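Beneath this line is the structure, given in structure tokens, with notes to follow.
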Amino acid sequence: MADHAIDPRSLLPPDEPVHLLDPDGTLHEDDDHPLELDDEQLRELYRFMVVTRKVDREAINLQRQGQLGVYASCMGQEAAQVGSAYALAEDDWIFPSYRELGAALVRKVDAAGLLHLYRGTWLSDHDPYAHNFALMSIPIGTQALHATGLAMGAQRDGNAIAVITYFGDGGTSEGDPHEAMTFAGVMRSPVIFFVQNNQYAISVPLEKQTAAPTLAHKAVGYGMPGYRVDGNDVLATYAVTKRAVERARRGEGPAFIEAMTYRMEAHTTSDDPSRYRTQEELDEAAKTDPIARMRNLLTQRDLYDEELEQAIDEQAKETAAYVRAGIYDASHGDPLELFEHVYVDPTGHFEDQREQLRAELASSADGDGEEVA
Amino acid sequence: MADHAIDPRSLLPPDEPVHLLDPDGTLHEDDDHPLELDDEQLRELYRFMVVTRKVDREAINLQRQGQLGVYASCMGQEAAQVGSAYALAEDDWIFPSYRELGAALVRKVDAAGLLHLYRGTWLSDHDPYAHNFALMSIPIGTQALHATGLAMGAQRDGNAIAVITYFGDGGTSEGDPHEAMTFAGVMRSPVIFFVQNNQYAISVPLEKQTAAPTLAHKAVGYGMPGYRVDGNDVLATYAVTKRAVERARRGEGPAFIEAMTYRMEAHTTSDDPSRYRTQEELDEAAKTDPIARMRNLLTQRDLYDEELEQAIDEQAKETAAYVRAGIYDASHGDPLELFEHVYVDPTGHFEDQREQLRAELASSADGDGEEVA
Amino acid sequence: MAITMAQAINAALRDAMEADDRVLIFGEDVGRLGGVFRVTDGLQATFGEERCFDTPLAESGIIGTAIGLAMYGFRPVPEMQFDGFTYPAFEQIVSHLAKMPNRSRGTVKLPVTVRIPYGGGIGAVEHHSESPEAYWAHTAGLKVMTPGTPEDGYAMMREAIAMDDPVIFLEPKRRYWMKSDAELPITTQPAREAVVRREGTDVSVFCYGPMVRTALEAADAAADEGWSLEVVDLRSLSPLDTATMVASVERTGRAIVVHEAAMTLGMGAEIAARIQERAFYHLEAPVLRATGYDTPYPPAKLEEFWLPDVDRILDMVERSMSY
Amino acid sequence: MAITMAQAINAALRDAMEADDRVLIFGEDVGRLGGVFRVTDGLQATFGEERCFDTPLAESGIIGTAIGLAMYGFRPVPEMQFDGFTYPAFEQIVSHLAKMPNRSRGTVKLPVTVRIPYGGGIGAVEHHSESPEAYWAHTAGLKVMTPGTPEDGYAMMREAIAMDDPVIFLEPKRRYWMKSDAELPITTQPAREAVVRREGTDVSVFCYGPMVRTALEAADAAADEGWSLEVVDLRSLSPLDTATMVASVERTGRAIVVHEAAMTLGMGAEIAARIQERAFYHLEAPVLRATGYDTPYPPAKLEEFWLPDVDRILDMVERSMSY
Ligand SMILES: Cc1ncc(C[n+]2csc(CCOP(=O)(O)OP(=O)(O)O)c2C)c(N)n1
Ligand SMILES: Cc1ncc(C[n+]2csc(CCOP(=O)(O)OP(=O)(O)O)c2C)c(N)n1
Ligand SMILES: [Mg+2]
Ligand SMILES: [Mg+2]
């Protein structure tokens, strides 16, 4: 061994991503990645994915109907999100980007609240402390530092939780995740850097994003293990994340997970992906659909029947309906709220400006009868 | 092999840094790192190091005498700088940080001009195009991007040069070098990222800077080879850099070099290193002095005699005297120059302010007889 | 055949690339996709990947490499995808792009034009509607331009790219679809000259970028109330054309500044300070400001209450006239 | 026993850590070294590495993790080593530290105090003498404070750390060695109140941080010329205590703003704009500005020509009096 304390070979990803579940539902057991999931849990994973896809579709519809300003779909990435979030305990924290509907649903975050960001009724509308699920973060990669800071806080508090942060393949190029991984490495903070490698950053394909052999190879540069997993395999994703989470909770430090997946929808509803990818590519990607293969497994194991199908279908519809009800024509609050939360103690700030807005609201209400809400 | 195009194993550094020259002057030939240096060149490498140390010492003296505001010594790092810069051709570019006196001297940059930055007569005072040696850069790591951009320019111009950029172990934590390596990796730009790992970033030791097995392990995350070298071994540094430079010129892309060295002086003349490192540590480091071992080699090979000693000594003294003459009591220029270079076309900017300064200068010249210069 | 501002800027980029093969376009999604607003549409197809290319997702990287490319001799025109995503590049812009030419005593020139779609009013999510112009205009070494018409979109972009100084070129994204019948190529006044878009006698209204049209609409509405507004489009925010502003106030005796950015330390602060310095005896009322509020940019559904509009401008006109 | 401003701030940090074990200090070299200005001297020795620690060299990392620590419940007091090295953290400060509490509708509080030694006059190399206060004061969501005396160094730091809003705490580094005989702990007025440091009748001089002492010296010198200056130390740059400024101008009829930062869009712009807005009929002369020039901060040997000093202030007083 060289003059370094840690064996770099122990940090490098294996040549192939961890994969347990074939598209046809065949399960490959792997001693390194024991599943320890009972039948109910297998069903639950499937259910979360189905509900996610349904709510995701509802959000796209709401956007088409002008009810959301924009929406970033997670279609195709359900296994990556559900599998990883499912590996966490309740007191663990999640720091999402803007695409993590699936993780939010596992966390039982109010999905209608979440979508208010995209509707623009407020900038964000769920209480992060209610489910240890941070606000969605739009500036790419910035949330990786918040996750690391929170993990440093838990360390100082003797609280053995893990923190997971999601970002994309594009996000790995920004300075912030680099700094976050540097901090977490040095401080051995319990953070899982979970990259959904969906092959694109808007229109930019992975090969224009990085020359790294794989994204997981970046981990060695921060002294943390880099794992790679088939991100369309919910069981493999669960198992790999679980291992990283347990390690982190034991005080063994951070880890990096690259989940190989594919964004089936446009980048957001404003995007036109036909400009940069082909139908053939999409058709190819559809073959690795994360939901179908899990259903195949359940079917093989006699865990899937019409009753289950109906129950899940119902739940999916209910959640989607709930989201629709919470979003459709939802009004913004009192415009004066714009001044409410800027400071805890706003003394000296913007009394005049609040007055100006109040007068404008009054005059437009009286004057030309324009509706305020 | 996995689904990645490049074999990651080919990018990882060897367990031990490349080392050719022992402290006692014994040279280990290495087929992977052929030297191809004639006797004159061996002497020249030695000479550059001796002159560097002398001028460095002179700069420290000048600072003690109040002639420089501050100075960042490169003592102990002469081999890393001289060996690497010597591996470049004239049309290659250098993007230094603030500590690269040795590289500047190899490049024949006017050392008095260089030190005007530290005297504060101007912000920088050498023409970067005269020797393809960029301005010194104080914000840590930022110059790595300029180097990458210039290399991208050379690629577009069909100009097969290489670009080297220096930064420190601390610099590897900043976002900018990360982004620079990402760009250079993807674009296969001819940039050598040369890190002088002198063990400290001011007071912060390497183990608080990164958990990476070695800094060179970071390279794999950018799809470029990571080399490690004994940075106090001028021949090994030369050979490793040369290999990277030739590769880059051939269009094979960037490389990362970690040169293991030690900062023998304070961080800058304002620093008090006794607060964070011990005399024992310094004594230990002194044993690996880069200059002594090169003299030992020359002596062994009968390339070192009194004549050479005197000639080098003379040149060192001359250069130091030249620097002293250029710096001592050197005056700043006309204060109105402050408005000269802000814009190429300053139309509409600060006529009034120039007038204000002109009036102030006039009144302090007439009025209380205060000297302007 | 009418063209939009986005098309005018696209044409300017195309013509600049045609005219000078040192001009390079790069940024996130500017290549195959043609930019999220299609402002770089077709440029990669015409000029190839060497001259119009997508970069990794890293804004500091985009500006930092632009600096190196400029040092080599190119004339880079990097894009920041949105106003709110310029901030990761703040250090490269402020510490190097703005300062390196001065640092080098004039030996290094950085003819870089940083394109930034900016401002609100398009119902976007957070960070996509920022008006960061004051950060740049406070930073010595940068020039800051913003067109308020498609014609200026074309002509000022050509001017910016041809200029040897670094330029922050702010494109008012809510006006990308604003149309004009202008024939391209077109030349307008040099960017450093403010332009009186409408003459008036009661109050000078200083505006720029997205607010030029709003100010003109306000002038129409004001005419109905019997007030004559003079609308001055500043065009260059650094340097500011103080002379044209002062001359206007000398005629009208009153001034209002309109911008989307928050009031405190927005451009209105500097303009008010300059006008009271230089036209003190001409002012019949204080310089007033119709601007965004001192709060973060609001969610989309509330932006109409936050952004200055015809009503807010008229309110300030009324206040001004009441002195 | 006299203490310096650096010592007063050090004592404030120590007492804050003593009083509340959620207070954490971190940054580059703040631990064993005690900071390059020794402002954190001894804190690691007393409170241990968990509460006062060195970070990797990455400013965005320092602020970004401070946000996460605050979300967990800590009260972080991160240090930026110098003014010019705050810029890599610009995005974390502007897009998150300033905006996340508002974004979260008040559920997330970020009681972070960002310590930044700032300003020139110490003969430093480039990037070590910047005055970036206008960038922060233009950013809604941040509070910005700067002490002009050792007493305020102590008291305002305690107040900042105790406050639930994010505070940019600008320490005037050229005044670190300024002495006082104050007994600690000390309480001064709340930071949001500007303080009249010297009463006068002819001209109000608004200043803050490093320029408070300079303005007081100018007031002495002005007295010799027969001019009576009222020196107002602003202390908080966001919010600004407009009422105290306006009241002063109502008494004197004249005003000058003094700061090191470049004139254009410096604090002087906002102050001039507000005073002419609110004290229009009281002003006998325009609000004038004695500030740094609109150029990058100069090399050390030229800083005396660039920085506002007693002479530049007196020059503005004379101009103001001549109206
Ligand atoms: C700092 C920053 N720069 C640019 C953007 C604009 N933008 C939004 S999403 C995106 C691509 C992100 O790609 P990736 O990280 O792979 O995540 P994905 O969207 O594929 O989930 C870009 C460039 C942004 N939000 N933040
Ligand atoms: C962006 C930035 N942050 C902080 C500093 C202050 N600073 C100057 S040198 C230094 C340490 C640099 O360490 P390293 O990169 O190892 O280089 P070395 O000085 O050892 O050569 C620091 C923190 C700076 N110059 N720039
Ligand atoms: Mg992606
Ligand atoms: Mg170092």
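Chain identifiers are assigned as A, B, and so on, following the order in which chains appear in the structure tokens; residues are numbered from 1 within each chain, and ligands are numbered from 1 in order of appearance.
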Given a cut-off of 9 Å, what residues near ligand 4 show up using only C-alpha atoms and all ligand atoms, put as a compact mmCIF listing (two decimals) with all heavy atoms, in the first residue's frame?
```txt
# COMPACT_ATOMS: atom_id res chain seq x y z
N PHE B 167 -2.04 25.21 -9.14
CA PHE B 167 -2.78 25.61 -7.94
C PHE B 167 -2.36 24.70 -6.80
O PHE B 167 -1.54 23.80 -6.99
CB PHE B 167 -4.30 25.67 -8.15
CG PHE B 167 -4.93 24.46 -8.79
CD1 PHE B 167 -5.51 23.47 -8.01
CD2 PHE B 167 -4.99 24.34 -10.18
CE1 PHE B 167 -6.13 22.38 -8.61
CE2 PHE B 167 -5.61 23.24 -10.77
CZ PHE B 167 -6.17 22.25 -9.98
N GLY B 168 -2.90 24.98 -5.63
CA GLY B 168 -2.42 24.28 -4.44
C GLY B 168 -3.35 23.17 -3.99
O GLY B 168 -4.44 22.99 -4.53
N ASP B 169 -2.91 22.44 -2.98
CA ASP B 169 -3.75 21.40 -2.40
C ASP B 169 -5.08 22.00 -1.93
O ASP B 169 -6.15 21.45 -2.16
CB ASP B 169 -3.02 20.70 -1.24
CG ASP B 169 -2.28 21.67 -0.33
OD1 ASP B 169 -1.48 22.48 -0.87
OD2 ASP B 169 -2.48 21.67 0.89
N GLY B 170 -5.00 23.17 -1.31
CA GLY B 170 -6.24 23.83 -0.89
C GLY B 170 -7.13 24.17 -2.08
O GLY B 170 -8.35 24.03 -2.01
N GLY B 171 -6.49 24.57 -3.15
CA GLY B 171 -7.25 24.95 -4.35
C GLY B 171 -8.12 23.84 -4.90
O GLY B 171 -9.15 24.10 -5.53
N VAL B 195 -0.84 20.41 -9.48
CA VAL B 195 -1.06 20.77 -8.08
C VAL B 195 0.22 20.60 -7.28
O VAL B 195 0.79 19.51 -7.23
CB VAL B 195 -2.17 19.89 -7.46
CG1 VAL B 195 -2.28 20.16 -5.96
CG2 VAL B 195 -3.49 20.16 -8.15
N GLN B 196 0.68 21.68 -6.72
CA GLN B 196 1.77 21.58 -5.74
C GLN B 196 1.14 21.27 -4.40
O GLN B 196 0.62 22.17 -3.73
CB GLN B 196 2.56 22.88 -5.67
CG GLN B 196 3.35 23.15 -6.94
CD GLN B 196 3.97 24.54 -6.93
OE1 GLN B 196 4.93 24.78 -6.22
NE2 GLN B 196 3.39 25.43 -7.71
N ASN B 197 1.20 20.02 -4.02
CA ASN B 197 0.67 19.64 -2.71
C ASN B 197 1.75 19.92 -1.68
O ASN B 197 2.60 19.08 -1.40
CB ASN B 197 0.28 18.17 -2.72
CG ASN B 197 -0.25 17.73 -1.37
OD1 ASN B 197 -0.20 18.48 -0.39
ND2 ASN B 197 -0.75 16.51 -1.31
N ASN B 198 1.70 21.13 -1.14
CA ASN B 198 2.71 21.52 -0.14
C ASN B 198 2.19 21.29 1.28
O ASN B 198 2.68 21.87 2.23
CB ASN B 198 3.17 22.96 -0.36
CG ASN B 198 2.05 23.96 -0.15
OD1 ASN B 198 0.96 23.60 0.27
ND2 ASN B 198 2.34 25.22 -0.42
N GLN B 199 1.16 20.48 1.39
CA GLN B 199 0.64 19.95 2.66
C GLN B 199 -0.25 20.93 3.44
O GLN B 199 -0.92 20.52 4.38
CB GLN B 199 1.78 19.49 3.60
CG GLN B 199 2.82 18.60 2.93
CD GLN B 199 2.19 17.34 2.32
OE1 GLN B 199 1.25 16.79 2.89
NE2 GLN B 199 2.70 16.90 1.19
N TYR B 200 -0.21 22.19 3.08
CA TYR B 200 -1.01 23.17 3.83
C TYR B 200 -1.71 24.16 2.91
O TYR B 200 -1.17 24.53 1.87
CB TYR B 200 -0.12 23.99 4.79
CG TYR B 200 0.36 23.21 5.97
CD1 TYR B 200 1.58 22.55 5.94
CD2 TYR B 200 -0.42 23.13 7.13
CE1 TYR B 200 2.03 21.82 7.02
CE2 TYR B 200 0.02 22.40 8.22
CZ TYR B 200 1.25 21.75 8.17
OH TYR B 200 1.68 21.03 9.25
N ALA B 201 -2.85 24.59 3.35
CA ALA B 201 -3.50 25.78 2.80
C ALA B 201 -3.52 26.77 3.97
O ALA B 201 -4.29 26.60 4.91
CB ALA B 201 -4.92 25.47 2.35
N ILE B 202 -2.61 27.70 3.93
CA ILE B 202 -2.28 28.51 5.11
C ILE B 202 -2.09 27.54 6.29
O ILE B 202 -1.12 26.79 6.27
CB ILE B 202 -3.31 29.62 5.40
CG1 ILE B 202 -3.57 30.47 4.11
CG2 ILE B 202 -2.75 30.56 6.49
CD1 ILE B 202 -4.45 31.72 4.33
N VAL B 204 -4.27 25.13 7.25
CA VAL B 204 -5.11 23.94 7.19
C VAL B 204 -4.36 22.78 6.54
O VAL B 204 -3.99 22.87 5.36
CB VAL B 204 -6.44 24.23 6.45
CG1 VAL B 204 -7.32 23.00 6.38
CG2 VAL B 204 -7.18 25.39 7.12
N PRO B 205 -4.12 21.72 7.27
CA PRO B 205 -3.35 20.59 6.72
C PRO B 205 -4.20 19.76 5.76
O PRO B 205 -5.43 19.81 5.79
CB PRO B 205 -2.98 19.79 7.95
CG PRO B 205 -4.06 20.08 8.94
CD PRO B 205 -4.51 21.49 8.67
N LEU B 206 -3.51 19.01 4.93
CA LEU B 206 -4.17 18.25 3.87
C LEU B 206 -5.33 17.41 4.37
O LEU B 206 -6.38 17.34 3.73
CB LEU B 206 -3.14 17.36 3.16
CG LEU B 206 -3.68 16.69 1.90
CD1 LEU B 206 -3.99 17.71 0.83
CD2 LEU B 206 -2.69 15.64 1.38
N TYR B 262 6.68 20.51 -0.04
CA TYR B 262 6.49 21.09 1.29
C TYR B 262 6.85 22.56 1.25
O TYR B 262 7.86 22.94 0.65
CB TYR B 262 7.37 20.37 2.33
CG TYR B 262 7.00 20.71 3.75
CD1 TYR B 262 6.01 20.01 4.43
CD2 TYR B 262 7.64 21.76 4.40
CE1 TYR B 262 5.66 20.33 5.74
CE2 TYR B 262 7.29 22.09 5.72
CZ TYR B 262 6.30 21.37 6.37
OH TYR B 262 5.95 21.70 7.66
N ARG B 263 6.01 23.36 1.86
CA ARG B 263 6.24 24.80 1.91
C ARG B 263 7.15 25.09 3.10
O ARG B 263 6.72 24.97 4.25
CB ARG B 263 4.89 25.50 2.08
CG ARG B 263 4.89 26.99 1.90
CD ARG B 263 3.57 27.57 2.41
NE ARG B 263 3.60 27.69 3.85
CZ ARG B 263 2.56 27.55 4.66
NH1 ARG B 263 1.37 27.29 4.18
NH2 ARG B 263 2.68 27.67 5.97
N HIS B 267 3.23 30.84 5.09
CA HIS B 267 2.31 30.94 3.95
C HIS B 267 2.62 32.21 3.16
O HIS B 267 2.83 32.18 1.94
CB HIS B 267 0.86 30.97 4.43
CG HIS B 267 -0.11 31.35 3.36
ND1 HIS B 267 -0.38 30.53 2.28
CD2 HIS B 267 -0.85 32.47 3.17
CE1 HIS B 267 -1.25 31.13 1.49
NE2 HIS B 267 -1.54 32.32 1.99
```
DSSP strand (DSSP E or B) residues within stretch 124-352 of chain B, listed as a list in words: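 DSSP-assigned strand (DSSP E or B) residues in stretch 124-352 of chain B: Phe133, Val163, Ile164, Thr165, Tyr166, Phe167, Gly168, Val191, Ile192, Phe193, Phe194, Val195, Gln196, Asn197, Tyr200, Ala201, Val204, Pro205, Gly226, Tyr227, Arg228, Val229, Asp230, Ala255, Phe256, Ile257, Glu258, Ala259 and Met260 of chain B.
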Which distance in Å separates atom CA of A:Leu298 and atom CA of A:Lys317, to one decimal? 21.1 Å
If we count only C-alpha atoms and set the cut-off at 12 Å, which residues sit around stretch 184-189 of chain D, ignoring sequence neighbours fewer than 2 positions away in its own chain? Please answer as number ranges by chain. D: 1-5, 7-16, 147, 149-159, 180-182, 191-196, 233-236
Per-residue nearest contacts of chain D to ligand 2 (8 Å; only C-alpha atoms and all ligand atoms) as a tab-separated table:
```
residue	atom	partner	partner_atom_place_in_ligand_line	distance
D:Glu28	CA	ligand 2	23 (C)	6.0
D:Asp29	CA	ligand 2	23 (C)	7.5
D:Leu57	CA	ligand 2	23 (C)	5.9
D:Ala58	CA	ligand 2	3 (N)	6.9
D:Glu59	CA	ligand 2	3 (N)	6.8
D:Met80	CA	ligand 2	4 (C)	7.8
D:Gln81	CA	ligand 2	4 (C)	6.0
D:Phe82	CA	ligand 2	4 (C)	7.0
D:Gly84	CA	ligand 2	1 (C)	7.6
D:Phe85	CA	ligand 2	1 (C)	4.6
D:Thr86	CA	ligand 2	1 (C)	7.5
D:Tyr87	CA	ligand 2	1 (C)	7.8
D:Pro88	CA	ligand 2	1 (C)	6.6
D:His127	CA	ligand 2	25 (N)	7.9
```
Same residues, N, CA, C and O atoms, output as a PDB file, in the first residue's frame:
```pdb
ATOM      1  N   GLU D  28     -12.204  29.290   6.851  1.00  0.00           N
ATOM      2  CA  GLU D  28     -10.819  28.962   6.519  1.00  0.00           C
ATOM      3  C   GLU D  28      -9.881  29.526   7.595  1.00  0.00           C
ATOM      4  O   GLU D  28      -9.869  30.737   7.837  1.00  0.00           O
ATOM      5  N   ASP D  29      -9.126  28.645   8.245  1.00  0.00           N
ATOM      6  CA  ASP D  29      -8.095  29.072   9.206  1.00  0.00           C
ATOM      7  C   ASP D  29      -8.632  29.724  10.472  1.00  0.00           C
ATOM      8  O   ASP D  29      -7.900  30.431  11.168  1.00  0.00           O
ATOM      9  N   LEU D  57     -11.125  24.672   1.678  1.00  0.00           N
ATOM     10  CA  LEU D  57     -11.036  25.994   1.070  1.00  0.00           C
ATOM     11  C   LEU D  57     -12.129  26.159   0.011  1.00  0.00           C
ATOM     12  O   LEU D  57     -11.888  25.925  -1.179  1.00  0.00           O
ATOM     13  N   ALA D  58     -13.305  26.577   0.423  1.00  0.00           N
ATOM     14  CA  ALA D  58     -14.434  26.624  -0.510  1.00  0.00           C
ATOM     15  C   ALA D  58     -15.537  27.468   0.107  1.00  0.00           C
ATOM     16  O   ALA D  58     -16.244  27.012   1.007  1.00  0.00           O
ATOM     17  N   GLU D  59     -15.670  28.675  -0.383  1.00  0.00           N
ATOM     18  CA  GLU D  59     -16.594  29.623   0.253  1.00  0.00           C
ATOM     19  C   GLU D  59     -18.046  29.266   0.016  1.00  0.00           C
ATOM     20  O   GLU D  59     -18.890  29.467   0.897  1.00  0.00           O
ATOM     21  N   MET D  80     -15.929  34.552   6.071  1.00  0.00           N
ATOM     22  CA  MET D  80     -15.314  34.658   4.754  1.00  0.00           C
ATOM     23  C   MET D  80     -13.971  35.348   5.022  1.00  0.00           C
ATOM     24  O   MET D  80     -13.935  36.422   5.620  1.00  0.00           O
ATOM     25  N   GLN D  81     -12.875  34.758   4.546  1.00  0.00           N
ATOM     26  CA  GLN D  81     -11.573  35.259   4.998  1.00  0.00           C
ATOM     27  C   GLN D  81     -11.340  36.721   4.613  1.00  0.00           C
ATOM     28  O   GLN D  81     -10.754  37.485   5.392  1.00  0.00           O
ATOM     29  N   PHE D  82     -11.754  37.095   3.421  1.00  0.00           N
ATOM     30  CA  PHE D  82     -11.663  38.487   2.987  1.00  0.00           C
ATOM     31  C   PHE D  82     -12.884  38.805   2.121  1.00  0.00           C
ATOM     32  O   PHE D  82     -13.432  37.918   1.452  1.00  0.00           O
ATOM     33  N   GLY D  84     -13.079  40.075  -0.824  1.00  0.00           N
ATOM     34  CA  GLY D  84     -12.981  39.671  -2.221  1.00  0.00           C
ATOM     35  C   GLY D  84     -13.168  38.173  -2.412  1.00  0.00           C
ATOM     36  O   GLY D  84     -13.297  37.709  -3.546  1.00  0.00           O
ATOM     37  N   PHE D  85     -13.190  37.416  -1.341  1.00  0.00           N
ATOM     38  CA  PHE D  85     -13.352  35.971  -1.472  1.00  0.00           C
ATOM     39  C   PHE D  85     -14.745  35.531  -1.039  1.00  0.00           C
ATOM     40  O   PHE D  85     -15.010  34.339  -0.833  1.00  0.00           O
ATOM     41  N   THR D  86     -15.635  36.496  -0.936  1.00  0.00           N
ATOM     42  CA  THR D  86     -17.036  36.189  -0.668  1.00  0.00           C
ATOM     43  C   THR D  86     -17.749  35.830  -1.966  1.00  0.00           C
ATOM     44  O   THR D  86     -18.796  35.198  -1.952  1.00  0.00           O
ATOM     45  N   TYR D  87     -17.163  36.266  -3.085  1.00  0.00           N
ATOM     46  CA  TYR D  87     -17.893  36.141  -4.349  1.00  0.00           C
ATOM     47  C   TYR D  87     -18.171  34.696  -4.768  1.00  0.00           C
ATOM     48  O   TYR D  87     -19.218  34.435  -5.371  1.00  0.00           O
ATOM     49  N   PRO D  88     -17.298  33.733  -4.479  1.00  0.00           N
ATOM     50  CA  PRO D  88     -17.664  32.356  -4.831  1.00  0.00           C
ATOM     51  C   PRO D  88     -18.931  31.900  -4.101  1.00  0.00           C
ATOM     52  O   PRO D  88     -19.586  30.959  -4.541  1.00  0.00           O
ATOM     53  N   HIS D 127      -7.970  42.145  -4.240  1.00  0.00           N
ATOM     54  CA  HIS D 127      -9.048  41.291  -3.721  1.00  0.00           C
ATOM     55  C   HIS D 127      -9.128  41.279  -2.188  1.00  0.00           C
ATOM     56  O   HIS D 127      -9.957  40.577  -1.627  1.00  0.00           O
TER      57      HIS D 127
END
```
Please find the residues of chain B near chain D - the criterion being any atom within 8 Å, counting only C-alpha atoms - and write them as a ChimeraX atom specification. /B:69-70,117-123,138-139,170-171,173-175,201-204,208-210,271,275-276,332,335,338-339,342,350,353,357,360
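Within the 8 Å cut-off around B:Leu12, using only C-alpha atoms and omitting residues fewer than 3 positions from it on the same chain, the listed residues are B:Pro8, B:Arg9, B:Ala216, B:His217, B:Ala219, B:Val220, B:Pro225, B:Gly226, B:Tyr227.
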Expected file: the selected residues, all heavy atoms, as a compact mmCIF listing (two decimals), in the first residue's frame:
```
# COMPACT_ATOMS: atom_id res chain seq x y z
N PRO B 8 -11.06 2.89 -16.44
CA PRO B 8 -10.70 3.77 -15.31
C PRO B 8 -9.36 3.42 -14.70
O PRO B 8 -8.66 4.29 -14.20
CB PRO B 8 -11.85 3.54 -14.30
CG PRO B 8 -12.62 2.37 -14.78
CD PRO B 8 -12.34 2.21 -16.24
N ARG B 9 -9.00 2.16 -14.76
CA ARG B 9 -7.72 1.76 -14.18
C ARG B 9 -6.55 2.49 -14.83
O ARG B 9 -5.52 2.72 -14.22
CB ARG B 9 -7.54 0.24 -14.28
CG ARG B 9 -8.29 -0.50 -13.17
CD ARG B 9 -8.51 -1.96 -13.53
NE ARG B 9 -9.49 -2.09 -14.60
CZ ARG B 9 -10.72 -2.60 -14.42
NH1 ARG B 9 -11.08 -3.07 -13.26
NH2 ARG B 9 -11.55 -2.66 -15.43
N ALA B 216 -4.31 13.06 -6.66
CA ALA B 216 -4.28 12.56 -8.04
C ALA B 216 -5.47 11.64 -8.34
O ALA B 216 -5.84 11.46 -9.50
CB ALA B 216 -2.97 11.84 -8.31
N HIS B 217 -6.04 11.06 -7.30
CA HIS B 217 -7.21 10.21 -7.53
C HIS B 217 -8.42 11.00 -8.04
O HIS B 217 -9.38 10.43 -8.54
CB HIS B 217 -7.59 9.46 -6.25
CG HIS B 217 -6.76 8.24 -6.03
ND1 HIS B 217 -5.54 8.27 -5.38
CD2 HIS B 217 -6.95 6.95 -6.42
CE1 HIS B 217 -5.03 7.05 -5.35
NE2 HIS B 217 -5.86 6.23 -5.98
N ALA B 219 -8.47 12.79 -10.54
CA ALA B 219 -8.44 12.88 -12.00
C ALA B 219 -9.43 11.93 -12.68
O ALA B 219 -10.04 12.27 -13.69
CB ALA B 219 -7.02 12.59 -12.50
N VAL B 220 -9.59 10.74 -12.13
CA VAL B 220 -10.45 9.76 -12.76
C VAL B 220 -11.88 10.28 -12.92
O VAL B 220 -12.57 9.98 -13.89
CB VAL B 220 -10.41 8.40 -12.01
CG1 VAL B 220 -11.00 8.54 -10.60
CG2 VAL B 220 -11.15 7.32 -12.78
N PRO B 225 -5.94 11.19 -16.82
CA PRO B 225 -5.02 10.47 -15.95
C PRO B 225 -4.54 11.34 -14.79
O PRO B 225 -4.33 12.53 -14.95
CB PRO B 225 -3.86 10.11 -16.88
CG PRO B 225 -3.96 11.06 -18.03
CD PRO B 225 -5.40 11.42 -18.17
N GLY B 226 -4.40 10.71 -13.64
CA GLY B 226 -3.84 11.39 -12.48
C GLY B 226 -2.44 10.86 -12.24
O GLY B 226 -2.24 9.67 -12.04
N TYR B 227 -1.48 11.76 -12.29
CA TYR B 227 -0.10 11.36 -12.03
C TYR B 227 0.32 11.87 -10.65
O TYR B 227 -0.16 12.90 -10.20
CB TYR B 227 0.84 11.94 -13.08
CG TYR B 227 0.49 11.55 -14.50
CD1 TYR B 227 0.25 12.53 -15.47
CD2 TYR B 227 0.39 10.21 -14.88
CE1 TYR B 227 -0.07 12.20 -16.78
CE2 TYR B 227 0.06 9.86 -16.19
CZ TYR B 227 -0.16 10.85 -17.14
OH TYR B 227 -0.48 10.50 -18.42
```
